Each structure stands twice: as structure tokens, then as C-alpha cells.
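Enquirer: Below you'll find the structure I mean.
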Amino acid sequence: MLSRLHSHPYPRQFWLMFAGMLISTTGASMIWPFLMIYASEKLSLPLGTVTLLMTLSSFMGLMSSFIAGPIVDRLGRKWAMAVSLLINGGGYLLLSRAETLPAFALAMAVNGTFNPIYRVGADAMLADLIPPQWRTNAYALMRMSNNVGVALGPAIGGFIASRSYGIAFYCAAAGLATYGLLVLLFARETLPQGAPEPQSEPLGGYGQVLSDRLYRAFLVAFTLNQMVAALIWVLLSAHVKRAYGISESLYGWLPTTNALMVVFFQYGVSKITQRYEPRRMMALGAFLYGLAALGIAFSTTYWAFWTCMVVMTIGELIIVPTSSTFAANLAPAHMRGRYMSLYGLTWGVSAGISPLVGGNLYEWLGARAMWLGGTLVGSLSSLLFLRMRQRIPAEVTETAAGL
């Protein structure tokens with residue numbers, strides 16, 4: 001595998017991003033799977049109320065994402081990434097000191113505002129660095145790096161958080177700050193020079209993006225898929241602890257399983273899925289997310305929840321690199337920041353809506369209603385991917401497939 005990777009056009013800066021992703025994700029994932037548990041216990045508030053913090057973070061991310069695209073396209077990728085990482089590290093320090101709901105809200109707002117700026121900058125930088133025919137593999141490799149960190153972080157963080165949440169927060173801040181400094185000191189700017197700037201377009205240049213009918217349909221379908229992902233990632237830890245007494249240290253192995261599967265199988269799965277039409281692969285991935293939510297609705301034991309995580313992860317292996325490449329390949333070079341900004345926005349919208357609705361369904365109608373709702377949303381996402389315009393431009397299909 002290593003010899004094949006060396007034959008691909010992955011420049012040194014790609015490997016800098018690869019290493020930085022590993023460092024920052026290891027730190028951040030020591031705390032994020034347990035954040036709702038920490039906040040609900042610290043504040044002694046119902047889960048439905050605590051999820052408002054996630055909604056606030058997502059709302060700030062929603063606003064920030066619209067600004068992030070033009071910033072990344074006009075001012076460059078490097079500084080946007082570095083500033084975002086460093087300030088997000090500071091946000092985790094604020095969370096470690098928070099004692100009241102307003103203090104939590106401030107810290108979550110900081111992270112929500114600056115997190116999308118890194119994501120948009122990194123997606124655009126990767127597309128700048130990697131030729132279209134290798135982007136699926138490049139996004140798969142970045143996901144492997146991310147998930148090595150996710151494999152290590154929750155397992156370590158679950159052990160640490162059960163004893164001291166403060167140390168876990170400090171680790172998250174240190175990881176993000178380290179990656180920010182690596183970008184600041186060693187990365188070069190990749191913003192294409194001399195490309196036309198759509199300053200006359202409405203909505204800060206987003207008018208041209210929103211006029212792309214295929215991309216609009218893709219965003220709607222992918223947002224629904226992300227709603228199921230947000231439901232599982234944000235609320236599953238609280239659900240299994242409240243209803244079945246599964247501790248943070250034991251739950252930590254669920255996201256670790258997800259991460260290990262990505263580490264060991266993502267590259268191989270992407271080599272298979274890139275042979276097929278992206279629309280059908282994304283539909284299959286979305287269907288598996290809905291199936292995982294259905295399984296959670298009727299699970300009562302740790303190993304049943306673990307099996308559901310495996311099902312969801314298979315869907316993730318299929319849909320995420322395919323969707324990232326699909327979005328990047330639709331974007332003109334001078335508008336990659338805006339296209340990837342709206343692509344990243346799908347998580348902000350989903351994380352703002354899904355945990356809030358799910359948390360209230362949990363309180364009003366019980367846990368099963370929440371997870372069955374996720375099943376319906378996942379199924380709708382799959383159907384919408386299949387109903388996307390039948391004739392996808394040939395260049396998008398070919399480059400998405402790495403042909």
C-alpha cells in the first residue's frame with residue numbers, strides 16, 4: 001500500500017495536514033463524545049435543555065460558514081485554518097472553566113463560530129493540492145488520519161473523563177493549538193492566483209453556487225444524512241448511560257470502533273466505491289445510517305449498540321469520501337471555498353436541528369421515538385440521493401471515481 005501511495009501526487013503539505021489532523025483529533029476526541037454528559041451533569045438540567053447548547057453552536061457555525069467561504073476564497077486557506085484551530089483550542093479551555101449555562105453558551109458559541117473556518121479552508125486546500133483523479137483517495141487518507149485520532153481519543157478520554165474532565169479539556173486544547181502552529185509555521189498558501197472573483201454576484205458570491213441545481217439537490221440530501229449522524233454522535237452517549245447505565249469509559253469504545261474501522265477499511269472501501277456512480281453510493285451510505293438508527297431504537301445491551309455503530313460506520317465509509325469528492329469536483333477552482341463552505345454547512349444545520357428535536361422527542365415520547373425519527377430521516381436522505389438529476393455531468397462522475 002505504501003508503494004502505491006508514493007506513486008500518487010501527494011505533496012509534502014498534504015502529509016503535514018495528515019499529521020496535524022491526527023494530533024488535533026486525538027486531543028479533541030478525548031472530550032467531544034462526552035460533552036453532553038458533562039454539561040447535563042454539571043448544570044443539572046434535562047437533556048432537552050442541554051441540547052440547546054449544541055443548537056447555539058450550530059447556529060453560530062451556520063452564520064460563520066457563509067463568511068468562511070468568501071474569506072477562504074479571497075484571503076487564502078492558510079491563515080483561516082491557523083486562526084480557526086488556535087481559537088477553537090481556546091474554546092475548549094473556556095469549557096473547562098464553565099460553571100453556568102451562560103458560560104457554557106459562550107464557549108460553545110466560540111467553537112461554533114470558528115470551527116467551520118478551518119473545515120472550509122482545509123477542504124479547499126486539499127482540492128488545491130490534489131489533482132481531481134486522486135481526490136477520492138486523498139479525502140479517504142485524511143479520514144484515516146482523523147479516525148486514528150478518534151480511535152485513540154475516546155478510549156483514552158473515557159478513562160480520563162471518568163476521573164477528571166479538566167485534563168480531557170486541556171488535551172483537546174493542546175491538540176488543536178499544536179495543529180494550528182504547524183499550519184502557521186510550515187504550510188504554504190495554496191489559493192489559486194489570477195482566477196476571476198465573482199464580486200458582482202449576490203449573497204457574497206453564493207448566488208452562482210445556489211444556481212447550481214445539482215449541487216442544491218445534493219446539499220439537501222446530504223443534510224438529511226448528517227441529521228442522522230448528529231443524532232447518533234451527540235445523543236447516543238447520554239442515552240446509553242441514562243437508560244442502561246453504560247459508563248463513559250465503556251461507551252468510549254463505540255467511537256473507537258468507528259475510528260478503527262475507518263483506519264483499516266476506508267482506503268480499501270473507497271477503492272471499491274469509486275468504481276460506481278457516486279449518486280448510488282451516497283444513497284447506499286445514507287440507507288445504512290437510517291438502518292443503524294432503527295437498530296438503536298430496539299437495542300438494550302452494549303453489544304447491540306456496538307453492532308449499530310458498525311452498521312453506521314459502513315455507511316460512513318461509503319458516503320463521506322464520495323460526498324467530499326463530489327462537492328469538490330463540482331466547484332470551479334476560484335469558488336472552492338464557497339462550495340466547500342456550503343458542504344460543511346450541512347453539519348452545522350444538522351447538529352443544530354437534530355439534537356434539539358431528538359432531545360425533546362426523548363423527553364416527550366421516549367427514546368424509541370427519537371431513534372425511529374432518525375430512521376425516517378435516513379431513509380428520506382437515501383431516496384433523495386437516488387432522485388438527484390439522473391444525468392450527472394461526465395467529468396464529475398469520472399473524477400469522483402478517480403478514473
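Starting from 1 in every chain, residues are counted up; chains themselves are A, B, ... following the order of the C-alpha cells, and ligands are numbered from 1 as listed.
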As a VMD selection string, please: the residues near Asn88 in chain A (cut-off 10 Å, only C-alpha atoms, same-chain neighbours under 4 positions excluded).

Expert: chain A and resid 28 82 to 84 92 to 94 107 to 108 110 to 115 118 172 to 173 176 to 177 180

Enquirer: Pick out the residues sitting within 12 Å of Phe14 in chain A, and hand them over as a PDB file with C-alpha atoms, in the first residue's frame; count only C-alpha atoms, and ignore anything fewer than 2 positions along from it in its own chain.

Expert:
```
ATOM      1  CA  HIS A   8       0.301   9.212  -6.197  1.00  0.00           C
ATOM      2  CA  PRO A   9       0.742  13.005  -6.359  1.00  0.00           C
ATOM      3  CA  TYR A  10       0.504  13.725  -2.616  1.00  0.00           C
ATOM      4  CA  PRO A  11       2.808  16.675  -1.858  1.00  0.00           C
ATOM      5  CA  ARG A  12       4.586  17.271   1.432  1.00  0.00           C
ATOM      6  CA  LEU A  16       1.537  17.981   7.076  1.00  0.00           C
ATOM      7  CA  MET A  17      -2.259  18.202   7.072  1.00  0.00           C
ATOM      8  CA  PHE A  18      -2.434  14.443   7.607  1.00  0.00           C
ATOM      9  CA  ALA A  19      -0.213  14.644  10.711  1.00  0.00           C
ATOM     10  CA  GLY A  20      -1.928  17.762  12.057  1.00  0.00           C
ATOM     11  CA  MET A  21      -5.338  16.143  11.707  1.00  0.00           C
ATOM     12  CA  ALA A 122      -8.794  22.557   4.768  1.00  0.00           C
ATOM     13  CA  ASP A 123     -11.246  21.185   2.199  1.00  0.00           C
ATOM     14  CA  MET A 125      -6.565  23.478   0.391  1.00  0.00           C
ATOM     15  CA  LEU A 126      -6.784  19.739  -0.226  1.00  0.00           C
ATOM     16  CA  ALA A 127      -8.625  20.331  -3.511  1.00  0.00           C
ATOM     17  CA  ASP A 128      -5.939  22.869  -4.478  1.00  0.00           C
ATOM     18  CA  LEU A 129      -3.134  20.410  -3.730  1.00  0.00           C
ATOM     19  CA  ILE A 130      -4.546  17.196  -5.234  1.00  0.00           C
ATOM     20  CA  ARG A 135      -9.152  13.381  -4.641  1.00  0.00           C
ATOM     21  CA  ALA A 138      -6.821  11.854  -0.694  1.00  0.00           C
ATOM     22  CA  TYR A 139     -10.048  12.502   1.217  1.00  0.00           C
ATOM     23  CA  LEU A 141      -6.497   9.191   3.627  1.00  0.00           C
ATOM     24  CA  MET A 142      -7.436  12.327   5.557  1.00  0.00           C
ATOM     25  CA  SER A 145      -5.812  10.229   9.883  1.00  0.00           C
ATOM     26  CA  VAL A 183      -0.038  25.244   9.749  1.00  0.00           C
ATOM     27  CA  PHE A 186       5.167  25.202   7.838  1.00  0.00           C
ATOM     28  CA  ALA A 187       2.201  25.395   5.417  1.00  0.00           C
ATOM     29  CA  ARG A 188       2.262  27.468   2.225  1.00  0.00           C
ATOM     30  CA  THR A 190      -2.485  27.373  -1.999  1.00  0.00           C
TER      31      THR A 190
END
```

Enquirer: With a distance cut-off of 12 Å and only C-alpha atoms, select the neighbouring residues of Leu219 in chain A, excluding the residue or stretch itself and same-chain residues fewer than 2 positions from it, and output the selection as a PyMOL selection string.

Expert: chain A and resi 209-210+212-217+221-226+282+323-324+326-327+339-347+349-350+381+384-385+388

Enquirer: Between CA of Trp306 in chain A and CA of Pro255 in chain A, what is the distance in Å, rounded to a tenth?

Expert: 9.2 Å

Enquirer: Just the number, please: distance in Å from CA of Gly158 in chain A to CA of Tyr251 in chain A, one decimal.

Expert: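 One can read the CA of Gly158 in chain A to CA of Tyr251 in chain A distance as 7.6 Å.
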
Enquirer: Between A:Leu95, A:Val120, A:Met144, A:Leu288, single out the one closest to Arg338 in chain A, counting only C-alpha atoms.

Expert: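 Of the candidates, the smallest distance to Arg338 in chain A is held by A:Val120.
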
Enquirer: Counting only C-alpha atoms, which residue out of A:Ser379, A:Asn137, A:Asn360, A:Thr55 sits closest to Leu294 in chain A?

Expert: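 For Leu294 in chain A, the nearest of the candidates is A:Ser379.
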
Enquirer: Point out the residue among A:Gly166, A:Gly378, A:Gly69, A:Pro278 with the least atom-to-atom distance to Arg97 in chain A, counting only C-alpha atoms.

Expert: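 Closest to Arg97 in chain A of all the choices is A:Gly166.
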
Enquirer: If you measure from CA of Thr25 in chain A to CA of Arg74 in chain A, what distance in Å do you get, rounded to one decimal?

Expert: 27.5 Å

Enquirer: Name the closest residue to Leu260 in chain A among the candidates A:Gly348, A:Gly121, A:Pro192, A:Pro154; distances are taken between atoms, counting only C-alpha atoms.

Expert: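 Of all the options, A:Pro154 lies closest to Leu260 in chain A.
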
Enquirer: Can I get the residues of range 252-296 of chain A within 12 Å of range 30-40 of chain A, each with the closest pair of atoms and their distance in Å to one decimal, using only C-alpha atoms, sorted chain first then ascending number, as JSON lines?

Expert:
```
{"residue": "A:Gly252", "atom": "CA", "partner": "A:Pro33", "partner_atom": "CA", "distance": 7.7}
{"residue": "A:Trp253", "atom": "CA", "partner": "A:Pro33", "partner_atom": "CA", "distance": 10.7}
{"residue": "A:Leu254", "atom": "CA", "partner": "A:Pro33", "partner_atom": "CA", "distance": 9.9}
{"residue": "A:Pro255", "atom": "CA", "partner": "A:Pro33", "partner_atom": "CA", "distance": 7.9}
{"residue": "A:Thr256", "atom": "CA", "partner": "A:Pro33", "partner_atom": "CA", "distance": 10.5}
```

Enquirer: Compile the contact shell of Leu101 in chain A as a ChimeraX atom specification: residues with an atom at most 9 Å away, counting only C-alpha atoms, same-chain residues fewer than 2 positions apart removed.

Expert: /A:39,43,50,53,98-99,103-106

Enquirer: Return as a ChimeraX atom specification the full set of residues in range 89-194 of chain A whose backbone-based DSSP assignment is helix (DSSP H, G or I).

Expert: /A:89-97,101-129,132-161,165-186

Enquirer: Could those selected residues go to a file with C-alpha atoms, as a tab-separated table (two decimals), in the first residue's frame?

Expert:
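Produced file result_21.tsv, reproduced below:
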```tsv
chain	number	residue	atom	x	y	z
A	89	GLY	CA	-8.31	25.41	21.31
A	90	GLY	CA	-9.12	28.43	23.46
A	91	GLY	CA	-12.80	27.48	23.32
A	92	TYR	CA	-12.05	24.14	25.00
A	93	LEU	CA	-10.20	25.99	27.75
A	94	LEU	CA	-13.31	28.12	28.26
A	95	LEU	CA	-15.43	24.97	28.51
A	96	SER	CA	-13.11	23.56	31.18
A	97	ARG	CA	-13.84	26.63	33.33
A	101	LEU	CA	-25.33	27.86	31.40
A	102	PRO	CA	-24.23	31.32	30.08
A	103	ALA	CA	-20.57	30.32	30.45
A	104	PHE	CA	-21.18	27.09	28.54
A	105	ALA	CA	-23.10	29.05	25.91
A	106	LEU	CA	-20.19	31.46	25.42
A	107	ALA	CA	-17.66	28.67	24.95
A	108	MET	CA	-19.92	26.73	22.59
A	109	ALA	CA	-20.55	29.89	20.58
A	110	VAL	CA	-16.80	30.47	20.20
A	111	ASN	CA	-16.21	26.93	18.96
A	112	GLY	CA	-19.26	27.04	16.72
A	113	THR	CA	-18.12	30.28	15.11
A	114	PHE	CA	-14.54	29.31	14.33
A	115	ASN	CA	-14.74	25.58	13.62
A	116	PRO	CA	-16.28	25.94	10.11
A	117	ILE	CA	-13.48	28.29	9.04
A	118	TYR	CA	-10.89	25.55	9.49
A	119	ARG	CA	-13.05	22.95	7.78
A	120	VAL	CA	-13.71	25.11	4.71
A	121	GLY	CA	-10.05	26.13	4.46
A	122	ALA	CA	-8.79	22.56	4.77
A	123	ASP	CA	-11.25	21.19	2.20
A	124	ALA	CA	-10.30	23.92	-0.25
A	125	MET	CA	-6.56	23.48	0.39
A	126	LEU	CA	-6.78	19.74	-0.23
A	127	ALA	CA	-8.62	20.33	-3.51
A	128	ASP	CA	-5.94	22.87	-4.48
A	129	LEU	CA	-3.13	20.41	-3.73
A	132	PRO	CA	-9.14	15.63	-9.42
A	133	GLN	CA	-8.46	11.99	-10.27
A	134	TRP	CA	-6.83	11.37	-6.88
A	135	ARG	CA	-9.15	13.38	-4.64
A	136	THR	CA	-11.29	10.46	-3.51
A	137	ASN	CA	-8.17	8.66	-2.29
A	138	ALA	CA	-6.82	11.85	-0.69
A	139	TYR	CA	-10.05	12.50	1.22
A	140	ALA	CA	-10.04	8.84	2.27
A	141	LEU	CA	-6.50	9.19	3.63
A	142	MET	CA	-7.44	12.33	5.56
A	143	ARG	CA	-10.36	10.45	7.07
A	144	MET	CA	-7.98	7.68	8.07
A	145	SER	CA	-5.81	10.23	9.88
A	146	ASN	CA	-8.86	11.77	11.54
A	147	ASN	CA	-10.08	8.41	12.68
A	148	VAL	CA	-6.78	7.23	14.09
A	149	GLY	CA	-7.23	10.21	16.40
A	150	VAL	CA	-10.86	9.30	17.04
A	151	ALA	CA	-9.79	5.73	17.81
A	152	LEU	CA	-7.24	6.87	20.36
A	153	GLY	CA	-9.10	9.85	21.82
A	154	PRO	CA	-12.37	8.41	23.18
A	155	ALA	CA	-10.71	5.31	24.61
A	156	ILE	CA	-8.17	7.46	26.47
A	157	GLY	CA	-10.64	10.27	27.09
A	158	GLY	CA	-13.30	7.99	28.52
A	159	PHE	CA	-10.80	6.75	31.09
A	160	ILE	CA	-9.59	10.30	31.87
A	161	ALA	CA	-13.07	11.91	31.87
A	165	TYR	CA	-12.88	16.17	32.80
A	166	GLY	CA	-10.48	19.10	33.25
A	167	ILE	CA	-7.49	17.13	31.96
A	168	ALA	CA	-9.52	15.95	28.96
A	169	PHE	CA	-10.37	19.57	28.08
A	170	TYR	CA	-6.69	20.57	28.33
A	171	CYS	CA	-5.72	17.74	25.98
A	172	ALA	CA	-8.31	18.93	23.45
A	173	ALA	CA	-6.97	22.49	23.60
A	174	ALA	CA	-3.36	21.32	23.24
A	175	GLY	CA	-4.09	19.17	20.20
A	176	LEU	CA	-5.88	21.95	18.32
A	177	ALA	CA	-3.23	24.53	19.21
A	178	THR	CA	-0.42	22.22	18.05
A	179	TYR	CA	-2.02	21.74	14.63
A	180	GLY	CA	-2.64	25.48	14.35
A	181	LEU	CA	1.04	26.20	14.96
A	182	LEU	CA	2.11	23.57	12.40
A	183	VAL	CA	-0.04	25.24	9.75
A	184	LEU	CA	1.20	28.68	10.72
A	185	LEU	CA	4.88	27.76	10.62
A	186	PHE	CA	5.17	25.20	7.84
```

Enquirer: Excluding Tyr302 in chain A and any residue of its chain fewer than 4 positions from it, enumerate the residues within 12 Å of it, using only C-alpha atoms, and give them as a list in words.

Expert: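 After dropping sequence-adjacent residues, the list is Leu236, Ser237, His239, Val240, Lys241, Ala243, Tyr244, Gly245, Ile246, Ser247, Leu250, Tyr251, Gly252, Trp253, Leu254, Ile296, Trp306, Thr307, Cys308 and Met309 of chain A.
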